[in-house]
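The block underneath contains the structure these notes are about, expressed in structure tokens.
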There are 2 protein chains.
Amino acid sequence: MPVKKAKTLKPTSDAVEILHRRSYEGKPARLKNLEDARANDEIARKIHEMRTAAALTQTQLAKLIGTTASVICRLEDADYEGHSLAMLRRVAGALNQRVEIRFIPIRRSA
Amino acid sequence: MPVKKAKTLKPTSDAVEILHRRSYEGKPARLKNLEDARANDEIARKIHEMRTAAALTQTQLAKLIGTTASVICRLEDADYEGHSLAMLRRVAGALNQRVEIRFIPIRRSA
DNA sequence: CAGTCTATTCGCAATATTGCGAAAATGCAA
DNA sequence: TTGCATTTTCGCAATATTGCGAATAGACTG
């Protein structure tokens with residue numbers, strides 16, 4: 001079990017939220033960034049989950065998609081924000097998955 | 001518009017890659033590219049659909065996310081491959097939507 | 001303890017995406 | 001047709017992501 005940064009290893013909400021509140025206190029425009037951070041965390045976690053479920057090391061997965069372990073590590077970092085569809089697809093493809101993108105309407109409660 | 005480039009696969013010399021091949025038997029890489037192309041086309045179409053549904057011109061949407069019309073046009077180009085999560089989120093956010101990413105197992109017909 | 005495998009971080013080059021203006025093409029209505 | 005808004009394409013600079021080695025840290029076993 002990989003111990004990631006102590007920061008976001010546990011429940012998604014707390015750590016990220018606190019960090020962001022400290023940085024962008026009281027800015028509604030930054031609220032969206034909070035959601036993005038959480039989404040990125042989920043992606044990182046999912047990649048890690050899929051890789052370990054396939055019983056692959058970072059180095060092994062890296063070779064499958066033609067890159068190095070450090071790149072995989074970066075993808076599994078909850079704080080990484082540079083996810084591209086191309087990279088997600090490469091990872092997903094190596095793990096026999098496909099990436100589905102959906103746009104979902106946000107309803108804001110008054 | 002950028003021309004699609006074929007990715008150069010590295011030579012196979014590992015047991016891991018053999019595993020990979022086993023999981024990919026009967027499914028050449030170019031087939032996956034076709035799926036990606038279609039997925040990109042869907043994204044482009046969806047952005048166009050959401051923008052027009054919101055009764056916005058490319059210029060108007062561009063201003064909402066702090067860029068120019070040519071960028072929006074590029075996003076709505078079915079052949080565009082450079083989609084990043086960050087950009088998709090900017091567009092989605094301006095249209096009151098959120099981007100959902102899902103990894104879905106590929107099911108082969110036995 | 002040493003040794004091995006794995007994961008993480010850092011630094012920089014290579015590559016890709018974005019920013020943005022301008023021009024050309026398209027569409028539509030008078 | 002003209003006129004006007006909109007879309008599309010082009011070119012290049014600015015920015016961001018990826019590629020990759022090397023060093024460090026962590027975990028596990030003998």
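In the structure tokens, each chain is lettered A, B, ... as it comes, each chain's residues begin at 1, and ligands are numbered from 1 in order of appearance.
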Contacts of DT15 of chain D at 10 Å or less, counting only C-alpha atoms (C1' of nucleotides), minus same-chain residues fewer than 3 places along, as a PyMOL selection string?
chain C and resi 17-19
When you get a sec, could you note down which chain A residues fall within 12 Å of chain C, using only C-alpha atoms (C1' of nucleotides), as a list in words?
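Every residue meeting the condition is included here: Met1, Pro2, Val3, Lys4, Lys5, His48, Leu56, Thr57, Gln58, Thr59, Gln60, Ala69, Ser70, Val71, Ile72, Cys73, Arg74, Leu75, Glu76, Asp77, Gly82, Ser84, Leu85, Ala86 and Met87 of chain A.
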Selection from above, N, CA, C and O atoms, as a short mmCIF file (atom, residue, chain, number, x, y, z; two decimals), in the first residue's frame, can you write it?
```
data_model
loop_
_atom_site.label_atom_id
_atom_site.label_comp_id
_atom_site.auth_asym_id
_atom_site.auth_seq_id
_atom_site.Cartn_x
_atom_site.Cartn_y
_atom_site.Cartn_z
N MET A 1 0.82 -1.21 0.00
CA MET A 1 0.00 0.00 0.00
C MET A 1 0.85 1.25 0.00
O MET A 1 1.59 1.53 0.92
N PRO A 2 0.75 2.00 -0.98
CA PRO A 2 1.58 3.19 -1.12
C PRO A 2 1.11 4.28 -0.20
O PRO A 2 -0.03 4.70 -0.26
N VAL A 3 1.98 4.73 0.60
CA VAL A 3 1.63 5.87 1.45
C VAL A 3 1.94 7.12 0.67
O VAL A 3 3.07 7.47 0.48
N LYS A 4 0.92 7.79 0.29
CA LYS A 4 1.14 8.99 -0.49
C LYS A 4 1.45 10.11 0.44
O LYS A 4 1.77 9.92 1.59
N LYS A 5 1.28 11.28 -0.07
CA LYS A 5 1.49 12.41 0.79
C LYS A 5 0.50 12.30 1.92
O LYS A 5 -0.66 12.01 1.71
N HIS A 48 -4.38 4.95 -9.38
CA HIS A 48 -3.66 4.09 -8.44
C HIS A 48 -4.44 2.80 -8.18
O HIS A 48 -3.86 1.71 -8.17
N LEU A 56 0.22 -4.24 -10.99
CA LEU A 56 1.35 -3.67 -11.71
C LEU A 56 2.08 -2.66 -10.83
O LEU A 56 1.44 -1.96 -10.05
N THR A 57 3.39 -2.60 -10.99
CA THR A 57 4.15 -1.55 -10.33
C THR A 57 4.11 -0.32 -11.22
O THR A 57 3.71 -0.39 -12.39
N GLN A 58 4.52 0.79 -10.68
CA GLN A 58 4.54 2.01 -11.48
C GLN A 58 5.45 1.83 -12.68
O GLN A 58 5.15 2.29 -13.78
N THR A 59 6.56 1.17 -12.47
CA THR A 59 7.50 0.93 -13.56
C THR A 59 6.87 0.06 -14.64
O THR A 59 7.05 0.32 -15.84
N GLN A 60 6.15 -0.93 -14.24
CA GLN A 60 5.52 -1.82 -15.22
C GLN A 60 4.45 -1.08 -16.03
O GLN A 60 4.40 -1.20 -17.26
N ALA A 69 8.46 5.56 -14.61
CA ALA A 69 7.74 5.46 -13.35
C ALA A 69 7.44 6.83 -12.73
O ALA A 69 6.39 7.01 -12.12
N SER A 70 8.35 7.74 -12.91
CA SER A 70 8.14 9.05 -12.30
C SER A 70 6.90 9.73 -12.86
O SER A 70 6.22 10.49 -12.18
N VAL A 71 6.63 9.44 -14.12
CA VAL A 71 5.44 10.00 -14.75
C VAL A 71 4.18 9.40 -14.14
O VAL A 71 3.23 10.12 -13.83
N ILE A 72 4.21 8.11 -13.92
CA ILE A 72 3.06 7.45 -13.30
C ILE A 72 2.85 7.98 -11.89
O ILE A 72 1.73 8.27 -11.47
N CYS A 73 3.95 8.14 -11.20
CA CYS A 73 3.88 8.67 -9.84
C CYS A 73 3.22 10.05 -9.85
O CYS A 73 2.41 10.37 -8.99
N ARG A 74 3.58 10.84 -10.84
CA ARG A 74 3.02 12.17 -10.95
C ARG A 74 1.51 12.10 -11.18
O ARG A 74 0.74 12.90 -10.64
N LEU A 75 1.10 11.15 -11.99
CA LEU A 75 -0.33 11.01 -12.28
C LEU A 75 -1.10 10.59 -11.04
O LEU A 75 -2.27 10.93 -10.88
N GLU A 76 -0.43 9.86 -10.17
CA GLU A 76 -1.11 9.37 -8.98
C GLU A 76 -1.01 10.34 -7.82
O GLU A 76 -1.48 10.06 -6.73
N ASP A 77 -0.37 11.46 -8.09
CA ASP A 77 -0.29 12.50 -7.07
C ASP A 77 -1.60 13.28 -7.05
O ASP A 77 -2.03 13.83 -8.05
N GLY A 82 -2.35 18.62 -14.09
CA GLY A 82 -2.13 18.69 -15.54
C GLY A 82 -2.69 17.55 -16.34
O GLY A 82 -2.20 17.28 -17.42
N SER A 84 -4.25 15.37 -18.92
CA SER A 84 -4.75 15.54 -20.28
C SER A 84 -5.53 14.30 -20.64
O SER A 84 -5.29 13.22 -20.10
N LEU A 85 -6.46 14.48 -21.55
CA LEU A 85 -7.25 13.35 -21.98
C LEU A 85 -6.36 12.30 -22.61
O LEU A 85 -6.56 11.09 -22.41
N ALA A 86 -5.36 12.75 -23.34
CA ALA A 86 -4.47 11.82 -24.03
C ALA A 86 -3.78 10.90 -23.03
O ALA A 86 -3.71 9.69 -23.23
N MET A 87 -3.28 11.47 -21.96
CA MET A 87 -2.57 10.66 -20.97
C MET A 87 -3.52 9.72 -20.24
O MET A 87 -3.21 8.57 -20.01
#
```
Check: which chain A residues lie within 6 Å of chain B using only C-alpha atoms, as a list in words
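The complete set of qualifying residues is His83, Ser84, Leu85, Asn96, Gln97, Arg98, Val99, Glu100, Ile101, Arg102, Phe103, Ile104, Pro105 and Ile106 of chain A.
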Residue list for chain D near chain B as a list in words, 12 Å, only C-alpha atoms (C1' of nucleotides):
DA5, DT6, DT7, DT8, DT9, DC10, DG11, DA16 and DT17 of chain D
Please dump the current selection as a PDB file, in the first residue's frame; keep N, CA, C and O atoms (P, O5', C5', C4', C3', O3' and C1' of nucleotides).
```pdb
ATOM      1  P    DA D   5     -22.223  43.720 -36.810  1.00  0.00           P
ATOM      2  O5'  DA D   5     -22.404  42.209 -36.319  1.00  0.00           O
ATOM      3  C5'  DA D   5     -23.727  41.669 -36.250  1.00  0.00           C
ATOM      4  C4'  DA D   5     -23.662  40.155 -36.333  1.00  0.00           C
ATOM      5  C3'  DA D   5     -22.713  39.500 -35.327  1.00  0.00           C
ATOM      6  O3'  DA D   5     -23.381  38.439 -34.673  1.00  0.00           O
ATOM      7  C1'  DA D   5     -22.187  38.777 -37.515  1.00  0.00           C
ATOM      8  P    DT D   6     -22.729  37.694 -33.427  1.00  0.00           P
ATOM      9  O5'  DT D   6     -22.114  36.378 -34.090  1.00  0.00           O
ATOM     10  C5'  DT D   6     -22.912  35.604 -34.969  1.00  0.00           C
ATOM     11  C4'  DT D   6     -22.064  34.602 -35.721  1.00  0.00           C
ATOM     12  C3'  DT D   6     -21.046  33.850 -34.867  1.00  0.00           C
ATOM     13  O3'  DT D   6     -21.430  32.494 -34.767  1.00  0.00           O
ATOM     14  C1'  DT D   6     -20.149  34.505 -36.980  1.00  0.00           C
ATOM     15  P    DT D   7     -20.586  31.460 -33.880  1.00  0.00           P
ATOM     16  O5'  DT D   7     -19.635  30.770 -34.973  1.00  0.00           O
ATOM     17  C5'  DT D   7     -20.205  30.281 -36.186  1.00  0.00           C
ATOM     18  C4'  DT D   7     -19.121  29.959 -37.187  1.00  0.00           C
ATOM     19  C3'  DT D   7     -18.011  29.032 -36.690  1.00  0.00           C
ATOM     20  O3'  DT D   7     -17.952  27.890 -37.512  1.00  0.00           O
ATOM     21  C1'  DT D   7     -17.093  30.893 -37.821  1.00  0.00           C
ATOM     22  P    DT D   8     -17.060  26.626 -37.063  1.00  0.00           P
ATOM     23  O5'  DT D   8     -15.712  26.815 -37.901  1.00  0.00           O
ATOM     24  C5'  DT D   8     -15.795  26.916 -39.315  1.00  0.00           C
ATOM     25  C4'  DT D   8     -14.480  27.401 -39.884  1.00  0.00           C
ATOM     26  C3'  DT D   8     -13.242  26.638 -39.414  1.00  0.00           C
ATOM     27  O3'  DT D   8     -12.690  25.927 -40.517  1.00  0.00           O
ATOM     28  C1'  DT D   8     -12.867  28.973 -39.456  1.00  0.00           C
ATOM     29  P    DT D   9     -11.482  24.886 -40.292  1.00  0.00           P
ATOM     30  O5'  DT D   9     -10.178  25.738 -40.646  1.00  0.00           O
ATOM     31  C5'  DT D   9     -10.111  26.410 -41.890  1.00  0.00           C
ATOM     32  C4'  DT D   9      -8.943  27.384 -41.905  1.00  0.00           C
ATOM     33  C3'  DT D   9      -7.601  26.800 -41.450  1.00  0.00           C
ATOM     34  O3'  DT D   9      -6.654  26.886 -42.503  1.00  0.00           O
ATOM     35  C1'  DT D   9      -8.003  28.920 -40.458  1.00  0.00           C
ATOM     36  P    DC D  10      -5.219  26.141 -42.358  1.00  0.00           P
ATOM     37  O5'  DC D  10      -4.255  27.341 -41.976  1.00  0.00           O
ATOM     38  C5'  DC D  10      -4.274  28.538 -42.758  1.00  0.00           C
ATOM     39  C4'  DC D  10      -3.428  29.626 -42.108  1.00  0.00           C
ATOM     40  C3'  DC D  10      -2.096  29.143 -41.549  1.00  0.00           C
ATOM     41  O3'  DC D  10      -1.035  29.896 -42.113  1.00  0.00           O
ATOM     42  C1'  DC D  10      -3.252  30.476 -39.958  1.00  0.00           C
ATOM     43  P    DG D  11       0.461  29.213 -42.148  1.00  0.00           P
ATOM     44  O5'  DG D  11       1.264  30.069 -41.079  1.00  0.00           O
ATOM     45  C5'  DG D  11       1.279  31.485 -41.164  1.00  0.00           C
ATOM     46  C4'  DG D  11       1.645  32.089 -39.825  1.00  0.00           C
ATOM     47  C3'  DG D  11       2.801  31.394 -39.104  1.00  0.00           C
ATOM     48  O3'  DG D  11       3.937  32.234 -39.124  1.00  0.00           O
ATOM     49  C1'  DG D  11       0.979  31.870 -37.622  1.00  0.00           C
ATOM     50  P    DA D  16       1.218  28.307 -17.086  1.00  0.00           P
ATOM     51  O5'  DA D  16       1.072  26.845 -17.685  1.00  0.00           O
ATOM     52  C5'  DA D  16      -0.072  26.518 -18.466  1.00  0.00           C
ATOM     53  C4'  DA D  16       0.021  25.075 -18.949  1.00  0.00           C
ATOM     54  C3'  DA D  16       0.365  24.060 -17.860  1.00  0.00           C
ATOM     55  O3'  DA D  16      -0.508  22.950 -17.959  1.00  0.00           O
ATOM     56  C1'  DA D  16       1.891  23.864 -19.655  1.00  0.00           C
ATOM     57  P    DT D  17      -0.457  21.805 -16.844  1.00  0.00           P
ATOM     58  O5'  DT D  17       0.104  20.573 -17.676  1.00  0.00           O
ATOM     59  C5'  DT D  17      -0.568  20.184 -18.869  1.00  0.00           C
ATOM     60  C4'  DT D  17       0.300  19.229 -19.666  1.00  0.00           C
ATOM     61  C3'  DT D  17       0.698  17.960 -18.908  1.00  0.00           C
ATOM     62  O3'  DT D  17       0.302  16.834 -19.671  1.00  0.00           O
ATOM     63  C1'  DT D  17       2.596  18.977 -19.909  1.00  0.00           C
TER      64       DT D  17
END
```
Within segment 69-98 of chain A, find each residue whose DSSP state, derived from the backbone, is helix (DSSP H, G or I), and express the selection as JSON, numbers by chain.
{"A": [69, 70, 71, 72, 73, 74, 75, 85, 86, 87, 88, 89, 90, 91, 92, 93, 94]}
Can I get the selection written as a short mmCIF file (atom, residue, chain, number, x, y, z; two decimals), in the first residue's frame, with all heavy atoms?
```cif
data_model
loop_
_atom_site.label_atom_id
_atom_site.label_comp_id
_atom_site.auth_asym_id
_atom_site.auth_seq_id
_atom_site.Cartn_x
_atom_site.Cartn_y
_atom_site.Cartn_z
N ALA A 69 8.46 5.56 -14.61
CA ALA A 69 7.74 5.46 -13.35
C ALA A 69 7.44 6.83 -12.73
O ALA A 69 6.39 7.01 -12.12
CB ALA A 69 8.55 4.61 -12.36
N SER A 70 8.35 7.74 -12.91
CA SER A 70 8.14 9.05 -12.30
C SER A 70 6.90 9.73 -12.86
O SER A 70 6.22 10.49 -12.18
CB SER A 70 9.37 9.94 -12.49
OG SER A 70 9.66 10.09 -13.86
N VAL A 71 6.63 9.44 -14.12
CA VAL A 71 5.44 10.00 -14.75
C VAL A 71 4.18 9.40 -14.14
O VAL A 71 3.23 10.12 -13.83
CB VAL A 71 5.45 9.76 -16.28
CG1 VAL A 71 4.14 10.20 -16.91
CG2 VAL A 71 6.62 10.50 -16.91
N ILE A 72 4.21 8.11 -13.92
CA ILE A 72 3.06 7.45 -13.30
C ILE A 72 2.85 7.98 -11.89
O ILE A 72 1.73 8.27 -11.47
CB ILE A 72 3.27 5.93 -13.25
CG1 ILE A 72 3.49 5.38 -14.65
CG2 ILE A 72 2.07 5.26 -12.59
CD1 ILE A 72 2.34 5.61 -15.60
N CYS A 73 3.95 8.14 -11.20
CA CYS A 73 3.88 8.67 -9.84
C CYS A 73 3.22 10.05 -9.85
O CYS A 73 2.41 10.37 -8.99
CB CYS A 73 5.27 8.75 -9.25
SG CYS A 73 5.30 9.35 -7.56
N ARG A 74 3.58 10.84 -10.84
CA ARG A 74 3.02 12.17 -10.95
C ARG A 74 1.51 12.10 -11.18
O ARG A 74 0.74 12.90 -10.64
CB ARG A 74 3.71 12.90 -12.09
CG ARG A 74 3.53 14.39 -12.11
CD ARG A 74 4.65 15.06 -12.91
NE ARG A 74 4.90 14.40 -14.20
CZ ARG A 74 5.95 14.66 -14.97
NH1 ARG A 74 6.85 15.57 -14.60
NH2 ARG A 74 6.14 14.06 -16.11
N LEU A 75 1.10 11.15 -11.99
CA LEU A 75 -0.33 11.01 -12.28
C LEU A 75 -1.10 10.59 -11.04
O LEU A 75 -2.27 10.93 -10.88
CB LEU A 75 -0.54 9.97 -13.38
CG LEU A 75 0.02 10.31 -14.75
CD1 LEU A 75 -0.24 9.18 -15.71
CD2 LEU A 75 -0.57 11.60 -15.28
N LEU A 85 -6.46 14.48 -21.55
CA LEU A 85 -7.25 13.35 -21.98
C LEU A 85 -6.36 12.30 -22.61
O LEU A 85 -6.56 11.09 -22.41
CB LEU A 85 -8.30 13.83 -22.99
CG LEU A 85 -9.73 13.50 -22.62
CD1 LEU A 85 -9.98 13.68 -21.15
CD2 LEU A 85 -10.68 14.32 -23.44
N ALA A 86 -5.36 12.75 -23.34
CA ALA A 86 -4.47 11.82 -24.03
C ALA A 86 -3.78 10.90 -23.03
O ALA A 86 -3.71 9.69 -23.23
CB ALA A 86 -3.44 12.59 -24.85
N MET A 87 -3.28 11.47 -21.96
CA MET A 87 -2.57 10.66 -20.97
C MET A 87 -3.52 9.72 -20.24
O MET A 87 -3.21 8.57 -20.01
CB MET A 87 -1.84 11.57 -19.99
CG MET A 87 -1.09 10.83 -18.91
SD MET A 87 0.17 9.70 -19.54
CE MET A 87 1.59 10.79 -19.67
N LEU A 88 -4.68 10.23 -19.89
CA LEU A 88 -5.66 9.38 -19.21
C LEU A 88 -6.03 8.19 -20.09
O LEU A 88 -6.20 7.07 -19.61
CB LEU A 88 -6.91 10.19 -18.86
CG LEU A 88 -6.74 11.27 -17.80
CD1 LEU A 88 -8.06 11.95 -17.49
CD2 LEU A 88 -6.14 10.68 -16.53
N ARG A 89 -6.12 8.45 -21.38
CA ARG A 89 -6.47 7.37 -22.29
C ARG A 89 -5.35 6.35 -22.42
O ARG A 89 -5.61 5.16 -22.57
CB ARG A 89 -6.81 7.94 -23.67
CG ARG A 89 -8.18 8.56 -23.73
CD ARG A 89 -8.37 9.26 -25.05
NE ARG A 89 -9.69 9.89 -25.12
CZ ARG A 89 -9.97 10.93 -25.87
NH1 ARG A 89 -9.01 11.49 -26.58
NH2 ARG A 89 -11.17 11.43 -25.89
N ARG A 90 -4.14 6.84 -22.39
CA ARG A 90 -3.01 5.91 -22.47
C ARG A 90 -3.03 4.97 -21.27
O ARG A 90 -2.85 3.76 -21.40
CB ARG A 90 -1.70 6.70 -22.51
CG ARG A 90 -1.46 7.36 -23.84
CD ARG A 90 -0.33 8.37 -23.75
NE ARG A 90 0.96 7.77 -23.45
CZ ARG A 90 2.05 8.47 -23.17
NH1 ARG A 90 2.00 9.79 -23.15
NH2 ARG A 90 3.18 7.86 -22.91
N VAL A 91 -3.23 5.56 -20.10
CA VAL A 91 -3.26 4.75 -18.88
C VAL A 91 -4.45 3.79 -18.92
O VAL A 91 -4.31 2.59 -18.66
CB VAL A 91 -3.34 5.65 -17.64
CG1 VAL A 91 -3.56 4.81 -16.39
CG2 VAL A 91 -2.08 6.49 -17.51
N ALA A 92 -5.59 4.34 -19.24
CA ALA A 92 -6.80 3.52 -19.27
C ALA A 92 -6.64 2.37 -20.28
O ALA A 92 -7.00 1.23 -19.99
CB ALA A 92 -8.00 4.38 -19.63
N GLY A 93 -6.10 2.68 -21.42
CA GLY A 93 -5.92 1.67 -22.46
C GLY A 93 -5.06 0.52 -22.00
O GLY A 93 -5.35 -0.64 -22.27
N ALA A 94 -3.98 0.86 -21.30
CA ALA A 94 -3.08 -0.19 -20.82
C ALA A 94 -3.76 -1.06 -19.78
O ALA A 94 -3.35 -2.20 -19.57
CB ALA A 94 -1.82 0.45 -20.23
#
```
